[in-house]
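Novice: What follows is entry.cif, mmCIF, C-alpha atoms.
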data_data
loop_
_atom_site.label_atom_id
_atom_site.label_comp_id
_atom_site.auth_asym_id
_atom_site.auth_seq_id
_atom_site.Cartn_x
_atom_site.Cartn_y
_atom_site.Cartn_z
CA MET E 1 -180.53 -29.63 131.67
CA LYS E 2 -180.38 -26.53 133.81
CA ARG E 3 -180.80 -28.32 137.10
CA PHE E 4 -177.46 -29.81 137.94
CA PRO E 5 -177.42 -32.52 140.57
CA SER E 6 -175.37 -31.20 143.44
CA ILE E 7 -172.74 -33.92 143.05
CA VAL E 8 -172.14 -32.86 139.43
CA CYS E 9 -171.98 -29.22 140.49
CA PHE E 10 -169.52 -30.07 143.21
CA SER E 11 -167.23 -31.97 140.88
CA VAL E 12 -167.45 -29.20 138.26
CA ILE E 13 -166.49 -26.65 140.90
CA CYS E 14 -163.63 -28.84 142.12
CA SER E 15 -162.23 -29.50 138.68
CA ILE E 16 -162.40 -25.84 137.67
CA PHE E 17 -160.95 -24.72 140.96
CA PHE E 18 -158.03 -27.10 140.74
CA SER E 19 -157.37 -26.48 137.05
CA THR E 20 -157.36 -22.68 137.43
CA SER E 21 -155.29 -22.66 140.59
CA ALA E 22 -152.73 -24.88 138.92
CA LEU E 23 -152.56 -22.61 135.89
CA ALA E 24 -150.77 -19.40 136.86
CA GLU E 25 -149.40 -17.87 133.72
CA SER E 26 -147.82 -14.52 132.94
CA VAL E 27 -147.02 -12.85 129.62
CA ASN E 28 -145.00 -9.69 129.00
CA SER E 29 -145.44 -7.13 126.24
CA GLY E 30 -142.56 -6.48 123.90
CA VAL E 31 -139.81 -4.55 125.70
CA LYS E 32 -139.03 -0.94 124.75
CA SER E 33 -135.82 0.80 125.72
CA VAL E 34 -134.71 4.43 125.98
CA ASP E 35 -131.72 6.48 127.13
CA VAL E 36 -132.64 9.33 129.46
CA TYR E 37 -130.18 11.48 131.41
CA ASN E 38 -127.34 8.94 131.12
CA TYR E 39 -129.38 5.93 132.17
CA HIS E 40 -130.47 3.11 129.88
CA TYR E 41 -133.99 1.98 130.78
CA GLU E 42 -136.20 -0.88 129.64
CA TYR E 43 -139.95 -0.94 130.21
CA TYR E 44 -142.89 -3.23 129.53
CA SER E 45 -146.32 -4.30 130.76
CA SER E 46 -147.35 -7.77 131.93
CA ILE E 47 -150.60 -9.65 132.17
CA SER E 48 -151.06 -12.69 134.36
CA SER E 49 -153.72 -15.10 135.43
CA SER E 50 -153.69 -16.60 138.88
CA SER E 51 -156.55 -18.68 140.33
CA GLY E 52 -158.76 -17.40 137.51
CA THR E 53 -158.13 -13.69 138.11
CA VAL E 54 -156.46 -11.73 135.32
CA SER E 55 -154.27 -8.82 136.42
CA GLY E 56 -151.89 -6.36 134.81
CA THR E 57 -148.71 -4.57 135.93
CA THR E 58 -146.14 -2.23 134.39
CA THR E 59 -142.38 -2.47 134.99
CA ALA E 60 -139.43 -0.13 134.44
CA GLN E 61 -135.81 -1.07 135.08
CA VAL E 62 -132.21 0.02 134.52
CA ALA E 63 -131.26 -2.80 132.20
CA LYS E 64 -129.85 -3.88 128.88
CA ASP E 65 -131.19 -6.82 126.85
CA GLY E 66 -133.42 -7.90 129.71
CA VAL E 67 -130.63 -7.97 132.29
CA VAL E 68 -130.64 -5.47 135.17
CA ASN E 69 -127.26 -3.73 135.10
CA GLY E 70 -127.36 -0.79 137.48
CA SER E 71 -129.58 1.46 139.52
CA ALA E 72 -130.97 4.99 139.39
CA PRO E 73 -131.48 7.49 142.24
CA ALA E 74 -134.77 7.92 144.10
CA GLY E 75 -137.61 9.32 142.01
CA TYR E 76 -135.87 8.69 138.67
CA MET E 77 -138.38 6.03 137.57
CA GLY E 78 -142.19 6.10 137.68
CA VAL E 79 -144.75 3.52 136.56
CA TYR E 80 -148.50 3.70 135.99
CA PRO E 81 -150.54 0.59 135.08
CA ARG E 82 -153.69 0.51 132.94
CA LEU E 83 -155.95 -2.43 132.14
CA TYR E 84 -158.06 -2.47 128.95
CA ASP E 85 -160.62 -4.89 127.60
CA SER E 86 -160.12 -6.30 124.11
CA SER E 87 -162.20 -3.48 122.53
CA GLY E 88 -159.62 -0.93 123.72
CA THR E 89 -161.85 0.40 126.51
CA LEU E 90 -160.02 1.54 129.64
CA ILE E 91 -161.33 -0.63 132.48
CA LYS E 92 -158.94 -0.07 135.37
CA SER E 93 -156.51 2.78 135.91
CA GLY E 94 -153.88 2.62 138.64
CA SER E 95 -151.83 5.51 140.02
CA TRP E 96 -148.30 6.68 139.41
CA GLY E 97 -145.67 5.23 141.70
CA TYR E 98 -142.04 6.38 141.88
CA THR E 99 -138.90 4.72 143.20
CA PRO E 100 -138.68 5.81 146.86
CA SER E 101 -134.94 5.15 147.03
CA THR E 102 -132.05 4.19 144.72
CA SER E 103 -133.43 1.27 142.75
CA SER E 104 -132.72 -0.89 139.73
CA ALA E 105 -136.38 -1.59 138.96
CA ILE E 106 -139.92 -0.63 139.86
CA VAL E 107 -143.08 -2.71 139.36
CA SER E 108 -146.48 -1.02 139.56
CA THR E 109 -149.33 -2.14 141.78
CA ARG E 110 -151.45 -4.94 140.29
CA LEU E 111 -154.72 -4.09 138.58
CA ASP E 112 -157.27 -6.93 138.78
CA ALA E 113 -159.92 -7.42 136.08
CA PRO E 114 -163.37 -6.76 137.62
CA ASP E 115 -165.36 -9.34 135.68
CA ARG E 116 -165.19 -12.09 133.13
CA GLY E 117 -163.88 -10.90 129.76
CA THR E 118 -160.76 -10.51 127.64
CA TYR E 119 -158.15 -8.02 128.76
CA TYR E 120 -154.73 -6.60 127.99
CA SER E 121 -152.41 -4.38 129.92
CA LYS E 122 -150.66 -1.24 128.57
CA GLY E 123 -149.18 1.22 131.04
CA GLN E 124 -146.97 4.27 131.11
CA VAL E 125 -143.51 4.91 132.51
CA ARG E 126 -141.71 8.12 133.36
CA PHE E 127 -137.97 8.87 133.64
CA TYR E 128 -136.26 11.88 135.17
CA ASN E 129 -134.42 13.92 132.52
CA GLY E 130 -132.50 16.33 134.75
CA ASN E 131 -135.16 18.99 134.53
CA GLY E 132 -138.48 17.13 134.64
CA TYR E 133 -139.87 13.89 133.30
CA ASP E 134 -140.19 12.17 129.95
CA THR E 135 -143.27 9.94 129.74
CA TYR E 136 -143.53 6.86 127.53
CA THR E 137 -146.24 4.28 126.84
CA THR E 138 -145.32 0.59 126.97
CA ASN E 139 -146.24 -1.91 124.29
CA ALA E 140 -149.54 -3.71 124.89
CA THR E 141 -149.49 -7.28 126.21
CA PRO E 142 -151.30 -10.09 124.39
CA ASN E 143 -154.96 -10.56 125.37
CA MET E 144 -155.83 -12.78 128.30
CA GLN E 145 -159.23 -14.18 129.17
CA GLN E 146 -160.89 -14.27 132.56
CA SER E 147 -163.79 -16.55 133.40
CA SER E 148 -164.55 -15.29 136.87
CA THR E 149 -164.56 -17.53 139.91
CA TYR E 150 -165.38 -14.78 142.40
CA ALA E 151 -168.95 -15.89 142.98
CA LEU E 152 -168.32 -19.57 143.68
CA ALA E 153 -169.47 -19.22 147.27
CA THR E 154 -172.72 -17.46 146.35
CA HIS E 155 -174.11 -20.38 144.35
CA GLN E 156 -176.65 -22.33 146.41
CA ILE E 157 -179.71 -24.56 146.03
CA ASN E 158 -183.16 -23.62 147.48
CA GLU E 159 -185.88 -25.87 148.87
CA ASN E 160 -187.46 -26.18 145.40
CA ASN E 161 -184.18 -27.64 144.12
CA MET E 162 -183.41 -24.52 142.08
CA THR E 163 -179.87 -23.20 141.87
CA TYR E 164 -179.55 -19.54 142.74
CA GLY E 165 -176.77 -16.96 142.99
CA SER E 166 -174.84 -14.37 141.04
CA ALA E 167 -174.38 -14.78 137.29
CA LEU E 168 -170.64 -14.31 137.78
CA PHE E 169 -170.69 -17.99 138.57
CA LEU E 170 -168.60 -19.63 135.87
CA ASP E 171 -170.46 -20.99 132.89
CA VAL E 172 -173.16 -22.91 134.72
CA GLU E 173 -176.52 -21.33 133.91
CA LEU E 174 -178.41 -20.73 137.15
CA ASP E 175 -182.18 -21.10 137.48
CA LEU E 176 -182.38 -17.95 139.60
CA ILE E 177 -179.97 -15.12 138.90
CA GLN E 178 -179.27 -12.41 141.46
CA ALA E 179 -180.70 -9.06 140.34
CA LYS E 180 -181.88 -5.70 141.63
CA GLY E 181 -185.50 -4.67 141.03
CA VAL E 182 -186.90 -1.29 140.00
CA SER E 183 -187.68 -0.42 143.64
CA GLY E 184 -184.16 -1.32 144.69
CA HIS E 185 -184.94 -4.75 146.19
CA LEU E 186 -182.23 -7.36 145.83
CA GLY E 187 -183.71 -10.65 144.68
CA TYR E 188 -183.61 -13.15 141.86
CA VAL E 189 -184.92 -13.35 138.29
CA LYS E 190 -185.64 -16.63 136.53
CA SER E 191 -183.21 -17.31 133.74
CA SER E 192 -186.16 -18.66 131.72
CA ASP E 193 -187.86 -15.22 132.09
CA LEU E 194 -184.69 -13.43 131.03
CA GLU E 195 -184.23 -15.32 127.82
CA GLY E 196 -187.37 -14.25 125.98
CA LYS E 197 -187.99 -15.58 122.49
CA VAL E 198 -185.04 -17.26 120.79
CA PRO E 199 -185.14 -16.68 117.03
CA THR E 200 -184.88 -19.73 114.80
CA SER E 201 -183.80 -17.94 111.63
CA LEU E 202 -182.01 -14.76 110.54
CA GLN E 203 -185.30 -13.32 109.24
CA GLU E 204 -186.97 -13.99 112.56
CA ALA E 205 -184.05 -12.39 114.42
CA LEU E 206 -184.39 -9.23 112.35
CA LEU E 207 -188.18 -9.17 112.84
CA LEU E 208 -187.73 -9.66 116.60
CA GLU E 209 -185.17 -6.87 116.70
CA TYR E 210 -187.66 -4.60 114.92
CA TYR E 211 -190.70 -5.50 117.00
CA THR E 212 -189.07 -5.78 120.44
CA PRO E 213 -190.40 -3.03 122.71
CA PRO E 214 -187.79 -0.79 124.36
CA PHE E 215 -188.21 -2.70 127.61
CA ARG E 216 -189.92 -5.73 129.11
CA GLU E 217 -190.94 -6.39 132.73
CA ILE E 218 -190.33 -9.68 134.52
CA PRO E 219 -190.92 -10.59 138.19
CA LEU E 220 -188.19 -10.39 140.80
CA TYR E 221 -188.45 -13.26 143.28
CA ALA E 222 -187.24 -13.99 146.78
CA GLU E 223 -184.72 -16.82 146.96
CA ASP E 224 -187.53 -19.43 147.10
CA GLY E 225 -188.33 -18.67 143.44
CA ASN E 226 -192.09 -18.27 144.25
CA THR E 227 -192.59 -15.07 146.24
CA ILE E 228 -192.64 -12.02 143.96
CA ILE E 229 -190.98 -9.06 145.71
CA ASP E 230 -190.33 -6.55 142.92
CA THR E 231 -190.14 -6.06 139.14
CA PHE E 232 -187.07 -6.28 136.96
CA ILE E 233 -186.83 -4.34 133.68
CA ILE E 234 -185.09 -5.84 130.67
CA GLU E 235 -183.97 -3.14 128.31
CA LYS E 236 -183.66 -3.70 124.62
CA THR E 237 -180.03 -3.86 123.55
CA VAL E 238 -179.09 -0.71 121.68
CA VAL E 239 -175.94 -0.82 119.61
CA ILE E 240 -173.82 2.26 120.25
CA GLY E 241 -171.02 3.42 118.03
CA HIS E 242 -170.49 2.00 114.58
CA MET A 1 -198.45 38.29 102.31
CA LYS A 2 -198.28 34.67 101.20
CA LYS A 3 -194.53 35.02 100.76
CA LYS A 4 -194.17 36.29 104.31
CA VAL A 5 -196.09 33.33 105.73
CA LEU A 6 -194.00 30.92 103.69
CA LEU A 7 -190.81 32.60 104.85
CA ILE A 8 -191.91 32.38 108.49
CA ILE A 9 -192.79 28.69 108.08
CA ALA A 10 -189.46 28.03 106.39
CA LEU A 11 -187.50 29.80 109.13
CA PHE A 12 -189.48 28.04 111.84
CA SER A 13 -188.88 24.60 110.38
CA LEU A 14 -185.18 25.42 109.95
CA VAL A 15 -184.95 26.27 113.67
CA ILE A 16 -186.71 23.01 114.60
CA LEU A 17 -184.51 20.98 112.28
CA SER A 18 -181.26 22.52 113.49
CA SER A 19 -182.18 22.20 117.17
CA GLY A 20 -183.12 18.57 116.61
CA HIS A 21 -179.81 18.09 114.87
CA SER A 22 -177.77 19.55 117.72
CA ILE A 23 -179.72 17.60 120.35
CA SER A 24 -179.00 14.35 118.56
CA HIS A 25 -175.32 15.27 118.54
CA ARG A 26 -175.35 16.29 122.15
CA GLN A 27 -176.97 13.24 123.63
CA PHE A 28 -175.23 10.27 122.11
CA LEU A 29 -171.88 8.82 122.86
CA LYS A 30 -169.90 8.39 119.66
CA ILE A 31 -167.34 5.62 119.60
CA PRO A 32 -165.12 5.41 116.51
CA SER A 33 -164.19 1.88 115.50
CA GLN A 34 -160.61 0.64 115.82
CA ALA A 35 -160.44 0.13 112.03
CA GLU A 36 -161.50 3.74 111.45
CA ILE A 37 -158.82 5.00 113.84
CA LEU A 38 -156.09 2.88 112.28
CA THR A 39 -157.04 4.20 108.80
CA ASN A 40 -157.88 7.87 109.47
CA GLY A 41 -156.38 8.54 112.90
CA TYR A 42 -158.43 9.64 115.92
CA PRO A 43 -161.47 11.85 115.21
CA ILE A 44 -161.23 15.40 116.58
CA ASN A 45 -164.05 17.13 118.49
CA GLN A 46 -165.11 20.78 118.21
CA TYR A 47 -162.49 21.76 120.81
CA GLY A 48 -159.61 20.22 118.90
CA GLU A 49 -159.29 17.16 121.19
CA THR A 50 -158.85 13.63 119.80
CA TYR A 51 -161.16 10.91 121.18
CA GLY A 52 -161.74 7.17 120.93
CA PRO A 53 -160.65 3.83 122.36
CA ASP A 54 -156.91 3.72 123.15
CA VAL A 55 -156.25 1.36 120.25
CA LYS A 56 -153.84 -1.39 121.22
CA ASP A 57 -151.33 -0.97 118.41
CA ALA A 58 -151.75 2.75 117.64
CA ALA A 59 -148.74 4.97 118.28
CA MET A 60 -150.83 7.85 119.69
CA VAL A 61 -152.99 8.03 122.81
CA PRO A 62 -156.15 10.16 122.34
CA ASP A 63 -156.83 13.24 124.53
CA LEU A 64 -160.17 11.66 125.52
CA ILE A 65 -159.80 7.94 126.26
CA LEU A 66 -162.81 5.61 126.08
CA ALA A 67 -163.39 4.09 129.51
CA GLN A 68 -165.97 1.94 131.29
CA ASN A 69 -166.65 2.57 134.97
CA GLU A 70 -167.65 0.16 137.73
CA GLU A 71 -171.33 0.57 136.82
CA ASN A 72 -170.48 -0.53 133.25
CA LEU A 73 -171.14 2.99 131.90
CA PHE A 74 -169.12 4.03 128.86
CA GLY A 75 -167.68 7.52 128.48
CA TYR A 76 -164.48 9.42 127.84
CA VAL A 77 -161.90 10.30 130.48
CA LYS A 78 -159.31 13.03 129.91
CA ALA A 79 -155.71 11.86 129.69
CA THR A 80 -154.81 14.99 131.70
CA ASP A 81 -157.25 13.96 134.50
CA LEU A 82 -155.53 10.56 134.71
CA SER A 83 -152.15 12.24 135.20
CA ASP A 84 -150.84 12.98 138.69
CA GLY A 85 -149.37 16.38 137.79
CA VAL A 86 -145.85 15.44 138.88
CA GLU A 87 -143.25 17.61 137.12
CA THR A 88 -140.13 17.65 139.27
CA LEU A 89 -138.07 15.13 141.20
CA ALA A 90 -139.20 16.84 144.40
CA ASP A 91 -142.87 16.37 143.38
CA ALA A 92 -142.28 12.67 142.80
CA LEU A 93 -140.65 12.20 146.17
CA SER A 94 -143.03 14.33 148.22
CA ALA A 95 -145.62 12.33 150.10
CA SER A 96 -148.35 14.71 148.95
CA HIS A 97 -148.18 13.25 145.47
CA ILE A 98 -148.44 9.62 146.48
CA GLU A 99 -151.98 8.51 145.70
CA THR A 100 -153.05 6.08 148.36
CA SER A 101 -156.79 6.08 147.71
CA PRO A 102 -158.83 6.08 144.51
CA ARG A 103 -159.80 9.40 142.99
CA CYS A 104 -163.00 10.25 141.10
CA ILE A 105 -162.63 11.91 137.72
CA PRO A 106 -165.43 12.93 135.34
CA MET A 107 -166.54 10.88 132.34
CA TYR A 108 -167.57 12.97 129.34
CA LEU A 109 -169.24 12.66 125.96
CA GLN A 110 -166.88 13.03 122.98
CA ASP A 111 -167.14 16.85 123.34
CA GLY A 112 -165.02 16.65 126.50
CA HIS A 113 -167.47 19.04 128.22
CA THR A 114 -170.75 17.17 128.87
CA ILE A 115 -170.28 15.13 132.06
CA ILE A 116 -172.14 11.82 132.00
CA GLY A 117 -170.61 9.92 134.91
CA THR A 118 -167.57 9.38 137.11
CA TYR A 119 -164.58 7.07 136.82
CA MET A 120 -162.39 5.84 139.67
CA THR A 121 -158.67 6.03 139.05
CA GLY A 122 -155.69 5.15 141.25
CA GLY A 123 -155.54 3.48 144.62
#
Show me the file's structure as structure tokens.
Specialist:
Amino acid sequence: MKRFPSIVCFSVICSIFFSTSALAESVNSGVKSVDVYNYHYEYYSSISSSSGTVSGTTTAQVAKDGVVNGSAPAGYMGVYPRLYDSSGTLIKSGSWGYTPSTSSAIVSTRLDAPDRGTYYSKGQVRFYNGNGYDTYTTNATPNMQQSSTYALATHQINENNMTYGSALFLDVELDLIQAKGVSGHLGYVKSSDLEGKVPTSLQEALLLEYYTPPFREIPLYAEDGNTIIDTFIIEKTVVIGH
Amino acid sequence: MKKKVLLIIALFSLVILSSGHSISHRQFLKIPSQAEILTNGYPINQYGETYGPDVKDAAMVPDLILAQNEENLFGYVKATDLSDGVETLADALSASHIETSPRCIPMYLQDGHTIIGTYMTGG
């Protein structure tokens, strides 16, 4: 079932491409507001998905109840976006940006999620208080999922009718997955080699976990899937934290 | 004489045990769970700094924030390292403080001292 006829692949790619490009959605966090140095500010973070890429921004504005109602002098507002994955791990950190001139709002640069996963955005804002700055953290946005489409172009079929490319490629399991060997060669590993033994029961899973060596070696192939060019090491998964 | 030998053995094993203990503490990244943080607050390291994932709905941000860099390595970044150091209106408006390219900051273990990698911020 792993070898997809190219026509099926093509239609899968088309349907996913068209469905994701049609779905551009954006969600804001809850809005917070604060009075600083005679200005009433509102601030929030946003997360959006466009053509399959999830990205986050942070916004500050002179506003009341969601309506912009004035402006503040240059440098009065600063924004700094941060993108987290659903475990609360900081994945992308932007930089502070300040209003370069009198402005009613400032939106941070966009932080794009690097890989497939579930993300939320939660940034910081800063307002001038007459003597320095007060810094606040926005509410977090809801989570948004990314199933990456970056690697669409890298998925190809070799002369042995095997699909090969980067594993970023959607949810289609490739026969040959792009990997880097121990000697630094870039090549491909067979997904069948990667899998190893699949446990059939909970007891077997626990036994496998206990008896699995710390690492296992599999061959790294050239794109033909036959010529061995290096070795790839599979490390045993070690759970960190609690 | 026997007592002396016993004492020496006891002391020696104590040294081995304690060094083993500190090594195990030094080498592993500790990540408190979100549930733990929401119940007990952020854990505090030996230097008085809080650490952990920046829990979505927690009111406080830890001093050491759990981050993952482009090589998928986990570690803690200092909230102060993420900051741009702007304090005055003049700072904010001066071109010298506008970050146009990414900046490398260290990633630490939970002690906030042992560097284990680098994290790119800004840009």
Novice: I need the residue nearest chain A from this list: E:Val54, E:Leu83, E:Ala140, E:Ala60. Use all atoms listed in the file for the distance.
Specialist: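 Closest to chain A of all the choices is E:Ala140.
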Novice: Quick one: which residues end up in the PyMOL selection byres ((chain A and resi 70) around 12) for this structure, as a PyMOL selection string?
Specialist: (chain E and resi 90-93+113-115) or (chain A and resi 67-69+71-75+104+117-121)
Novice: Nearest to E:Arg110 among E:Ile47, E:Ala63, E:Ile228, E:Val68, with distances taken over all atoms listed in the file: which residue is it?
Specialist: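 Closest to E:Arg110, using all atoms listed in the file: E:Ile47.
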Novice: Pull out every residue that the PyMOL selection byres ((chain A) within 8 of (chain E)) matches in the shown coordinates and put them as a list in words.
Specialist: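 Selection result, ordered by chain and number: Leu29, Lys30, Ile31, Pro32, Ser33, Pro53, Asp54, Val55, Lys56, Asp57, Ile65, Leu66, Ala67, Gln68, Asn69, Leu82, Ser83, Asp84, Glu87, Thr88, Leu89, Ala92, Leu93, Ile98, Glu99, Met120, Thr121, Gly122 and Gly123 of chain A.
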Novice: On this structure, the PyMOL selection byres ((chain E and resi 220) around 8) would catch which residues? List them as a JSON list (two decimals) with C-alpha atoms, in the coordinates of the input, sorted by chain and number.
Specialist:
[["chain", "number", "residue", "atom", "x", "y", "z"],
["E", 179, "ALA", "CA", -180.70, -9.06, 140.34],
["E", 180, "LYS", "CA", -181.88, -5.70, 141.63],
["E", 181, "GLY", "CA", -185.50, -4.67, 141.03],
["E", 187, "GLY", "CA", -183.71, -10.65, 144.68],
["E", 188, "TYR", "CA", -183.61, -13.15, 141.86],
["E", 189, "VAL", "CA", -184.92, -13.35, 138.29],
["E", 190, "LYS", "CA", -185.64, -16.63, 136.53],
["E", 218, "ILE", "CA", -190.33, -9.68, 134.52],
["E", 219, "PRO", "CA", -190.92, -10.59, 138.19],
["E", 221, "TYR", "CA", -188.45, -13.26, 143.28],
["E", 222, "ALA", "CA", -187.24, -13.99, 146.78],
["E", 228, "ILE", "CA", -192.64, -12.02, 143.96],
["E", 229, "ILE", "CA", -190.98, -9.06, 145.71],
["E", 230, "ASP", "CA", -190.33, -6.55, 142.92],
["E", 231, "THR", "CA", -190.14, -6.06, 139.14],
["E", 232, "PHE", "CA", -187.07, -6.28, 136.96]]
Novice: Contacts of E:Gln61 at 12 Å or less, counting all atoms listed in the file, minus same-chain residues fewer than 2 places along, as a PyMOL selection string?
Specialist: chain E and resi 31-35+39-45+58-59+63-73+76-79+98-99+102-108+125-127
Novice: Atom CA of E:Ser191 to atom CA of E:Thr118: how many Å, to one decimal?
Specialist: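 Computing it gives 24.2 Å between the two atoms.
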Novice: To one decimal in Å, tell me the separation between atom CA of A:Tyr42 and atom CA of A:Leu64.
Specialist: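 Between atom CA of A:Tyr42 and atom CA of A:Leu64 the gap is 10.0 Å.
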